[in-house]
Amino acid sequence: MSSTAFVFPGQGSQRVGMGRDLVADRPDLIESHYRVADEILGIPLTRLCWEGPAQELRAMPVTQPAVFLTSVVAHEVLRGHGVVPDVVTGHSLGEFAAMVAAGVLDLRDGLRLVRLRGELMDSVNRTVPGCLGVVIGVPVAGVEELCVRAAADTGEVVEIANLNEDRQIVVSGGLAGVAALLKYADEAGAERVLTLDVGGPAHCSLLSGIEEEFGRAIDGLDLRDPVVPVYSALTAAPVLDARQAAECLRRQFTSRVLWADTVRALTDFGVDRFVEVGPGKALSKLCQRISPDSTTYRTNDAPRLAQAVAALGAVRSPGALVR
């Protein structure tokens, strides 16, 4: 039977103006979501999402709650039209919005968590500047070997952060280490290498020192068991209860994102429709390439969200993938 997965994007999907046209459909979300976010965080997050400036929106303590909020709002608009998922998942930061959609986490606690997450990651980058790089066209084993070589040559951390596709791999670490890795990958015949403009490292051991503080923040929350099936991209497996959800969110700083494996796992369980819920467009493209027989939709602006609603308005209630 056909099933629909909502996939929530992470950092890097932000853009000035995101979400503004969505509230034209649901102006009540301005008060229930945007004003709440401004008040809880003590920053003009609504204005930054809708008006920028881009440089300020790019700062991790702003980017992360901005993408999270926009994704949650897009989910609310879809739900208001009767479009509901059979299963949800998220890429990195997107896992927090997925947990909201699954009923594990509420909006207010989610906002506080992702703000703290951005602040902690930014503090690491100020101490040990780092970045993310992308290698396309080199197998995982080859990238692993090049990471070891780059780390040895530069004395910096260089590790695989995301396995987005079998041939699209994101690496993370110190600036010099990632630069060396990209150079070596290019020399090894990579189809393309590039540096991502995300403001610092992620999903690598450079961030191990902030896990404890973030874990304390999670421990202080009342997380709930999922009411909609949710897969973690850290494990490519279902999150069965609140305890597992807390552990997945805690481990995000240093664990790899297994996106390709997660999409394949969802496909194996019957998902043939992927809806990217939030400001991004990269995840829907990845899902299409990983699962070429699937259909993908986006919600990064009002016309695309309307297309998703028109196509999926008759989907059945959630829960089909519970095992």
# chains A, B, ... in the order shown; residues from 1 in each chain; ligands from 1

$ residues_around --residues "Leu206 of chain A" --least-positions-apart "3" --cutoff "12 Å" --atoms "only C-alpha atoms" --output "PyMOL selection string"
chain A and resi 120-131+156-159+161+172-175+200-203+209-211+253-255

$ select_by_dssp --residues "segment 60-153 of chain A" --states "helix (DSSP H, G or I)" --output "number ranges by chain"
A: 60-80, 94-101, 107-127, 140-153

$ select_by_dssp --residues "segment 49-177 of chain A" --states "strand (DSSP E or B)" --output "JSON, numbers by chain"
{"A": [87, 88, 89, 90, 130, 131, 132, 133, 134, 135, 136, 158, 159, 160, 161, 162, 163, 164, 165, 168, 169, 170, 171, 172, 173, 174]}

$ write_last_selection --atoms "N, CA, C and O atoms" --output "mmCIF file, in the first residue's frame"
data_model
loop_
_atom_site.group_PDB
_atom_site.id
_atom_site.type_symbol
_atom_site.label_atom_id
_atom_site.label_comp_id
_atom_site.auth_asym_id
_atom_site.auth_seq_id
_atom_site.Cartn_x
_atom_site.Cartn_y
_atom_site.Cartn_z
ATOM 1 N N VAL A 87 4.659 8.430 8.171
ATOM 2 C CA VAL A 87 5.927 8.344 8.888
ATOM 3 C C VAL A 87 6.665 9.650 8.661
ATOM 4 O O VAL A 87 6.448 10.335 7.646
ATOM 5 N N VAL A 88 7.526 10.026 9.604
ATOM 6 C CA VAL A 88 8.298 11.264 9.481
ATOM 7 C C VAL A 88 9.767 10.983 9.785
ATOM 8 O O VAL A 88 10.104 10.034 10.502
ATOM 9 N N THR A 89 10.618 11.824 9.234
ATOM 10 C CA THR A 89 12.043 11.780 9.542
ATOM 11 C C THR A 89 12.629 13.146 9.247
ATOM 12 O O THR A 89 11.988 13.993 8.622
ATOM 13 N N GLY A 90 13.856 13.382 9.699
ATOM 14 C CA GLY A 90 14.502 14.667 9.459
ATOM 15 C C GLY A 90 15.987 14.499 9.251
ATOM 16 O O GLY A 90 16.593 13.551 9.751
ATOM 17 N N GLY A 130 35.763 25.541 11.947
ATOM 18 C CA GLY A 130 35.644 24.390 11.070
ATOM 19 C C GLY A 130 34.601 24.622 10.005
ATOM 20 O O GLY A 130 34.016 25.694 9.895
ATOM 21 N N CYS A 131 34.341 23.588 9.216
ATOM 22 C CA CYS A 131 33.382 23.710 8.119
ATOM 23 C C CYS A 131 32.951 22.327 7.666
ATOM 24 O O CYS A 131 33.424 21.306 8.173
ATOM 25 N N LEU A 132 32.067 22.311 6.693
ATOM 26 C CA LEU A 132 31.629 21.093 6.036
ATOM 27 C C LEU A 132 32.045 21.143 4.571
ATOM 28 O O LEU A 132 32.030 22.203 3.948
ATOM 29 N N GLY A 133 32.400 19.992 4.038
ATOM 30 C CA GLY A 133 32.710 19.887 2.617
ATOM 31 C C GLY A 133 31.962 18.736 2.001
ATOM 32 O O GLY A 133 31.561 17.788 2.696
ATOM 33 N N VAL A 134 31.749 18.803 0.697
ATOM 34 C CA VAL A 134 31.015 17.756 -0.021
ATOM 35 C C VAL A 134 31.933 17.113 -1.046
ATOM 36 O O VAL A 134 32.642 17.813 -1.787
ATOM 37 N N VAL A 135 31.896 15.793 -1.085
ATOM 38 C CA VAL A 135 32.630 15.023 -2.088
ATOM 39 C C VAL A 135 31.609 14.219 -2.887
ATOM 40 O O VAL A 135 30.834 13.443 -2.312
ATOM 41 N N ILE A 136 31.605 14.400 -4.192
ATOM 42 C CA ILE A 136 30.688 13.684 -5.071
ATOM 43 C C ILE A 136 31.497 12.794 -6.004
ATOM 44 O O ILE A 136 32.438 13.251 -6.659
ATOM 45 N N VAL A 158 39.110 15.474 10.683
ATOM 46 C CA VAL A 158 38.398 15.399 9.403
ATOM 47 C C VAL A 158 37.642 14.073 9.399
ATOM 48 O O VAL A 158 38.258 13.007 9.420
ATOM 49 N N GLU A 159 36.312 14.131 9.385
ATOM 50 C CA GLU A 159 35.499 12.916 9.499
ATOM 51 C C GLU A 159 34.284 12.998 8.590
ATOM 52 O O GLU A 159 33.833 14.094 8.235
ATOM 53 N N ILE A 160 33.768 11.849 8.221
ATOM 54 C CA ILE A 160 32.518 11.817 7.457
ATOM 55 C C ILE A 160 31.372 12.227 8.378
ATOM 56 O O ILE A 160 31.223 11.695 9.474
ATOM 57 N N ALA A 161 30.572 13.185 7.911
ATOM 58 C CA ALA A 161 29.444 13.684 8.694
ATOM 59 C C ALA A 161 28.112 13.153 8.186
ATOM 60 O O ALA A 161 27.249 12.759 8.976
ATOM 61 N N ASN A 162 27.919 13.174 6.863
ATOM 62 C CA ASN A 162 26.640 12.769 6.272
ATOM 63 C C ASN A 162 26.877 11.823 5.106
ATOM 64 O O ASN A 162 27.693 12.132 4.225
ATOM 65 N N LEU A 163 26.150 10.735 5.086
ATOM 66 C CA LEU A 163 26.104 9.871 3.913
ATOM 67 C C LEU A 163 24.779 10.161 3.214
ATOM 68 O O LEU A 163 23.776 9.472 3.404
ATOM 69 N N ASN A 164 24.784 11.227 2.419
ATOM 70 C CA ASN A 164 23.545 11.685 1.787
ATOM 71 C C ASN A 164 23.091 10.765 0.665
ATOM 72 O O ASN A 164 21.902 10.514 0.491
ATOM 73 N N GLU A 165 24.036 10.310 -0.127
ATOM 74 C CA GLU A 165 23.831 9.315 -1.166
ATOM 75 C C GLU A 165 25.071 8.435 -1.147
ATOM 76 O O GLU A 165 26.074 8.774 -0.517
ATOM 77 N N GLN A 168 27.419 10.846 -2.686
ATOM 78 C CA GLN A 168 27.472 12.223 -2.170
ATOM 79 C C GLN A 168 27.715 12.170 -0.671
ATOM 80 O O GLN A 168 26.846 11.775 0.103
ATOM 81 N N ILE A 169 28.921 12.548 -0.280
ATOM 82 C CA ILE A 169 29.360 12.394 1.106
ATOM 83 C C ILE A 169 29.795 13.747 1.644
ATOM 84 O O ILE A 169 30.545 14.480 0.989
ATOM 85 N N VAL A 170 29.303 14.078 2.827
ATOM 86 C CA VAL A 170 29.677 15.325 3.493
ATOM 87 C C VAL A 170 30.716 15.021 4.560
ATOM 88 O O VAL A 170 30.550 14.080 5.345
ATOM 89 N N VAL A 171 31.779 15.810 4.572
ATOM 90 C CA VAL A 171 32.824 15.662 5.585
ATOM 91 C C VAL A 171 32.820 16.891 6.477
ATOM 92 O O VAL A 171 32.376 17.970 6.088
ATOM 93 N N SER A 172 33.336 16.724 7.688
ATOM 94 C CA SER A 172 33.319 17.787 8.675
ATOM 95 C C SER A 172 34.637 17.806 9.430
ATOM 96 O O SER A 172 35.264 16.759 9.630
ATOM 97 N N GLY A 173 35.037 18.985 9.869
ATOM 98 C CA GLY A 173 36.259 19.086 10.664
ATOM 99 C C GLY A 173 36.832 20.477 10.634
ATOM 100 O O GLY A 173 36.149 21.455 10.301
ATOM 101 N N GLY A 174 38.122 20.586 10.995
ATOM 102 C CA GLY A 174 38.815 21.864 10.982
ATOM 103 C C GLY A 174 38.965 22.401 9.565
ATOM 104 O O GLY A 174 38.923 21.646 8.587
#

$ residues_around --residues "segment 41-51 of chain A" --least-positions-apart "6" --cutoff "9 Å" --atoms "only C-alpha atoms" --output "mmCIF file with N, CA and C atoms, in the first residue's frame"
data_model
loop_
_atom_site.group_PDB
_atom_site.id
_atom_site.type_symbol
_atom_site.label_atom_id
_atom_site.label_comp_id
_atom_site.auth_asym_id
_atom_site.auth_seq_id
_atom_site.Cartn_x
_atom_site.Cartn_y
_atom_site.Cartn_z
ATOM 1 N N GLN A 14 17.996 27.472 4.890
ATOM 2 C CA GLN A 14 17.431 28.775 5.214
ATOM 3 C C GLN A 14 17.554 29.758 4.047
ATOM 4 N N ARG A 15 16.604 30.682 3.976
ATOM 5 C CA ARG A 15 16.643 31.769 2.999
ATOM 6 C C ARG A 15 15.772 32.897 3.524
ATOM 7 N N VAL A 16 16.139 34.108 3.198
ATOM 8 C CA VAL A 16 15.335 35.257 3.609
ATOM 9 C C VAL A 16 13.969 35.180 2.929
ATOM 10 N N GLY A 17 12.921 35.369 3.710
ATOM 11 C CA GLY A 17 11.554 35.303 3.203
ATOM 12 C C GLY A 17 10.871 33.974 3.464
ATOM 13 N N MET A 18 11.610 33.013 4.015
ATOM 14 C CA MET A 18 11.033 31.675 4.180
ATOM 15 C C MET A 18 9.841 31.701 5.129
ATOM 16 N N GLY A 19 8.770 31.057 4.690
ATOM 17 C CA GLY A 19 7.571 30.916 5.494
ATOM 18 C C GLY A 19 6.583 32.056 5.395
ATOM 19 N N ARG A 20 7.010 33.187 4.842
ATOM 20 C CA ARG A 20 6.125 34.360 4.868
ATOM 21 C C ARG A 20 4.858 34.128 4.057
ATOM 22 N N ILE A 30 0.634 33.128 12.854
ATOM 23 C CA ILE A 30 1.489 34.247 13.261
ATOM 24 C C ILE A 30 1.493 34.370 14.779
ATOM 25 N N TYR A 34 4.794 32.180 15.349
ATOM 26 C CA TYR A 34 5.842 33.181 15.174
ATOM 27 C C TYR A 34 5.982 34.104 16.388
ATOM 28 N N ARG A 35 4.869 34.602 16.902
ATOM 29 C CA ARG A 35 4.971 35.489 18.075
ATOM 30 C C ARG A 35 5.453 34.720 19.295
ATOM 31 N N LEU A 57 20.743 35.926 9.496
ATOM 32 C CA LEU A 57 19.994 34.670 9.444
ATOM 33 C C LEU A 57 20.932 33.474 9.368
ATOM 34 N N VAL A 62 20.612 31.582 15.122
ATOM 35 C CA VAL A 62 19.404 32.087 14.469
ATOM 36 C C VAL A 62 18.913 31.102 13.415
ATOM 37 N N THR A 63 19.839 30.597 12.608
ATOM 38 C CA THR A 63 19.476 29.665 11.537
ATOM 39 C C THR A 63 18.672 28.488 12.060
ATOM 40 N N PRO A 65 16.781 27.785 14.919
ATOM 41 C CA PRO A 65 15.358 27.979 15.241
ATOM 42 C C PRO A 65 14.550 28.488 14.053
ATOM 43 N N ALA A 66 15.172 29.226 13.129
ATOM 44 C CA ALA A 66 14.436 29.741 11.963
ATOM 45 C C ALA A 66 13.993 28.601 11.051
ATOM 46 N N VAL A 67 14.897 27.674 10.748
ATOM 47 C CA VAL A 67 14.539 26.533 9.903
ATOM 48 C C VAL A 67 13.534 25.636 10.624
ATOM 49 N N THR A 70 10.049 27.371 10.579
ATOM 50 C CA THR A 70 9.450 27.343 9.252
ATOM 51 C C THR A 70 8.942 25.950 8.904
ATOM 52 N N LEU A 111 11.828 24.910 20.246
ATOM 53 C CA LEU A 111 12.479 26.194 19.984
ATOM 54 C C LEU A 111 13.667 26.405 20.922
ATOM 55 N N ARG A 112 13.454 26.128 22.193
ATOM 56 C CA ARG A 112 14.547 26.317 23.164
ATOM 57 C C ARG A 112 15.709 25.372 22.861
ATOM 58 N N ARG A 115 17.631 26.469 19.623
ATOM 59 C CA ARG A 115 18.393 27.691 19.909
ATOM 60 C C ARG A 115 19.674 27.333 20.674
#

$ closest_residue --among "A:Ala282, A:Val36, A:Ala24, A:Ala246" --to "Asp219 of chain A" --atoms "only C-alpha atoms"
A:Ala246

$ atom_distance --atom1 "atom CA of Asp268 of chain A" --atom2 "atom CA of Glu95 of chain A"
20.2 Å

$ closest_residue --among "A:Asp109, A:Asp86, A:Asp21, A:Glu39" --to "Gly220 of chain A" --atoms "only C-alpha atoms"
A:Asp109

$ atom_distance --atom1 "atom CA of Thr154 of chain A" --atom2 "atom CA of Val198 of chain A"
21.8 Å

$ residues_around --residues "Ala260 of chain A" --least-positions-apart "4" --cutoff "9 Å" --atoms "only C-alpha atoms" --output "ChimeraX atom specification"
/A:163-166,233,236,264-265,286-287,290

$ closest_residue --among "A:Gly189, A:Gly82, A:Gly155, A:Gly280" --to "Gly177 of chain A" --atoms "only C-alpha atoms"
A:Gly155

$ closest_residue --among "A:Ala98, A:Arg149, A:Gly199, A:Arg192" --to "Glu119 of chain A" --atoms "only C-alpha atoms"
A:Gly199

$ atom_distance --atom1 "atom CA of Gly80 of chain A" --atom2 "atom CA of Ala37 of chain A"
20.2 Å
